[in-house]
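Step one of this worksheet: look at the structure below.
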Amino acid sequence: MKKIIFIYLLIIAVLSANAQADKSDSFKSRESNQSQNQNNTVTATLKSSGRLFGNKDDLTSVLLIIPSGSVVSVLGSDSTYLHVVYQDSEGYIYRKQAVIDKTGAAVQANQPVNDVQAVQDQPDSRYTALENKYGSAMAARIYTGKIWKGMNSEMVHDSWGAAQKINRVVSGNTIKEEWIYRSTWLYFENNTLLKWGPVNQ
């Protein structure tokens with residue numbers, strides 16, 4: 001009886017040791033795969049010079065101009081913007097201005113591969129929506145973040161995004177609005193952009 005118990009305990013000990021060795025090998029292979037994935041970053045090359053925005057909802061938050069042909073590290077993307085790092089500055093560029101480099105096979109942390117492929121393959125839904133709303137010529141100007149006298153407030157919102165602050169004064173039939181962005185104010189009268197200037201700080 002003692003021999004049977006001894007053999008039984010010996011078998012359990014051997015099986016337990018094998019299971020631990022398998023788990024250890026599994027963890028080592030996962031760690032090596034993760035370190036390889038972290039070393040392979042996705043990059044993109046700019047087709048033309050572009051602005052690096054600190055905030056994609058405020059197109060006046062330009063951090064710097066990235067020259068044409070520059071390579072940026074891609075952290076993420078959506079249908080309009082790439083979230084990138086360029087010379088230690090992190091921000092957003094229009095994804096239409098850059099081409100994802102095919103050499104970076106894996107994506108950095110939290111960025112699935114199919115999102116990067118979608119950046120290359122998907123048509124630009126924001127530009128298409130603007131084109132359907134305003135026509136080709138107007139959409140191109142709004143898409144590139146331009147403003148001009150005579151724009152209505154909806155066009156400005158589509159071009160520059162939401163203002164940080166809006167001051168509104170109603171006087172009889174006249175509605176006057178001042179939209180404050182990071183470094184620029186815009187003045188509207190009855191929903192029409194009349195003038196703009198730098199914010200005094």
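Naming scheme: A, B, ... for chains in displayed order of the structure tokens; residues 1 onward per chain; ligands 1 onward as shown.
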Give me, as a ChimeraX atom specification, all polymer residues having an atom no more than 12 Å from A:Glu154, counting only C-alpha atoms and skipping those fewer than 4 positions away in the same chain. /A:130,133-134,142,147,150,158-163,188,191-193
Keeping only C-alpha atoms, write the selected residues to a file as a PDB file, in the first residue's frame.
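For reference, again.pdb as written:
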ATOM      1  CA  LEU A 130     -17.999  68.488 -46.487  1.00  0.00           C
ATOM      2  CA  LYS A 133     -22.621  69.797 -47.852  1.00  0.00           C
ATOM      3  CA  TYR A 134     -20.758  72.664 -49.566  1.00  0.00           C
ATOM      4  CA  ILE A 142     -12.892  74.223 -45.168  1.00  0.00           C
ATOM      5  CA  ILE A 147     -11.618  80.967 -42.897  1.00  0.00           C
ATOM      6  CA  GLY A 150     -18.822  86.032 -45.211  1.00  0.00           C
ATOM      7  CA  ASP A 158     -16.706  72.741 -39.715  1.00  0.00           C
ATOM      8  CA  SER A 159     -13.361  74.393 -40.526  1.00  0.00           C
ATOM      9  CA  TRP A 160     -11.921  75.159 -37.077  1.00  0.00           C
ATOM     10  CA  GLY A 161     -14.013  73.055 -34.720  1.00  0.00           C
ATOM     11  CA  ALA A 162     -15.770  74.215 -31.554  1.00  0.00           C
ATOM     12  CA  ALA A 163     -14.713  77.511 -30.017  1.00  0.00           C
ATOM     13  CA  PHE A 188     -19.923  87.321 -36.187  1.00  0.00           C
ATOM     14  CA  ASN A 191     -24.393  84.467 -38.157  1.00  0.00           C
ATOM     15  CA  THR A 192     -21.895  85.980 -40.658  1.00  0.00           C
ATOM     16  CA  LEU A 193     -18.138  86.182 -40.037  1.00  0.00           C
TER      17      LEU A 193
END
Which residues come within 10 Å of stretch 135-140 of chain A, counting only C-alpha atoms, excluding same-chain residues fewer than 6 positions away, as a list in words?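 Counting only the stated atoms, we get Arg126, Tyr127, Thr128, Ala129, Lys146, Met155, Asp158 and Ser159 of chain A.
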For A:Glu189, work out the shell of residues within 10 Å, counting only C-alpha atoms and skipping chain neighbours fewer than 6 positions away, then give it as a list in words. Gly150, Asn152, Ser153, Arg168, Val169, Val170, Thr174, Ile175, Lys176, Glu177, Glu178 and Lys195 of chain A
Print the selection's residues with N, CA, C and O atoms to a file, as a tab-separated table (two decimals), in the first residue's frame.
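See selection-v6.tsv below for the written result:
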chain	number	residue	atom	x	y	z
A	150	GLY	N	-17.58	86.46	-44.56
A	150	GLY	CA	-18.82	86.03	-45.21
A	150	GLY	C	-19.21	84.60	-44.88
A	150	GLY	O	-20.32	84.17	-45.20
A	152	ASN	N	-20.62	81.52	-42.74
A	152	ASN	CA	-21.57	81.45	-41.63
A	152	ASN	C	-20.95	80.64	-40.50
A	152	ASN	O	-19.90	80.01	-40.67
A	153	SER	N	-21.58	80.67	-39.33
A	153	SER	CA	-20.98	80.04	-38.15
A	153	SER	C	-20.83	78.53	-38.31
A	153	SER	O	-19.88	77.94	-37.80
A	168	ARG	N	-22.00	86.30	-26.54
A	168	ARG	CA	-23.14	86.66	-27.41
A	168	ARG	C	-23.88	87.86	-26.83
A	168	ARG	O	-24.15	87.92	-25.64
A	169	VAL	N	-24.17	88.83	-27.71
A	169	VAL	CA	-24.96	90.00	-27.33
A	169	VAL	C	-26.09	90.14	-28.33
A	169	VAL	O	-25.87	90.16	-29.54
A	170	VAL	N	-27.33	90.22	-27.81
A	170	VAL	CA	-28.51	90.40	-28.67
A	170	VAL	C	-29.01	91.82	-28.47
A	170	VAL	O	-29.30	92.24	-27.35
A	174	THR	N	-30.32	92.33	-34.08
A	174	THR	CA	-28.92	92.01	-34.37
A	174	THR	C	-28.34	91.10	-33.29
A	174	THR	O	-28.46	91.38	-32.09
A	175	ILE	N	-27.73	90.00	-33.72
A	175	ILE	CA	-27.04	89.08	-32.81
A	175	ILE	C	-25.55	89.18	-33.11
A	175	ILE	O	-25.10	88.89	-34.22
A	176	LYS	N	-24.80	89.60	-32.09
A	176	LYS	CA	-23.35	89.73	-32.23
A	176	LYS	C	-22.70	88.62	-31.40
A	176	LYS	O	-23.07	88.41	-30.25
A	177	GLU	N	-21.72	87.94	-32.01
A	177	GLU	CA	-21.02	86.85	-31.32
A	177	GLU	C	-19.52	87.01	-31.49
A	177	GLU	O	-19.04	87.39	-32.56
A	178	GLU	N	-18.81	86.70	-30.42
A	178	GLU	CA	-17.35	86.65	-30.47
A	178	GLU	C	-16.95	85.24	-30.08
A	178	GLU	O	-17.26	84.78	-28.98
A	195	LYS	N	-14.92	89.66	-39.12
A	195	LYS	CA	-13.50	89.96	-38.89
A	195	LYS	C	-12.96	89.03	-37.81
A	195	LYS	O	-13.71	88.34	-37.12
Mind pulling up the distance from atom CA of A:Leu82 to atom CA of A:Lys56?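 So the answer is 9.7 Å.
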Can you pull out the residues contacting A:Ala44? Cut-off 9 Å, using only C-alpha atoms, and skip same-chain residues under 4 positions away; I want them as a list in words.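 Contacts, in chain order: Ser70, Val71, Val72, Ser73, Val74, Val84, Ala98, Val99, Ile100, Asp101 and Lys102 of chain A.
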Could you please write out, as a list in words, every residue of stretch 127-190 of chain A that DSSP assigns to alpha helix (DSSP H)? Tyr127, Thr128, Ala129, Leu130, Glu131, Asn132, Lys133, Tyr134, Ser136, Ala137, Met138, Ala139, Ala140, Arg141, Ile142, Tyr143, Ser153, Glu154, Met155, Val156, His157, Asp158, Ser159 and Trp160 of chain A
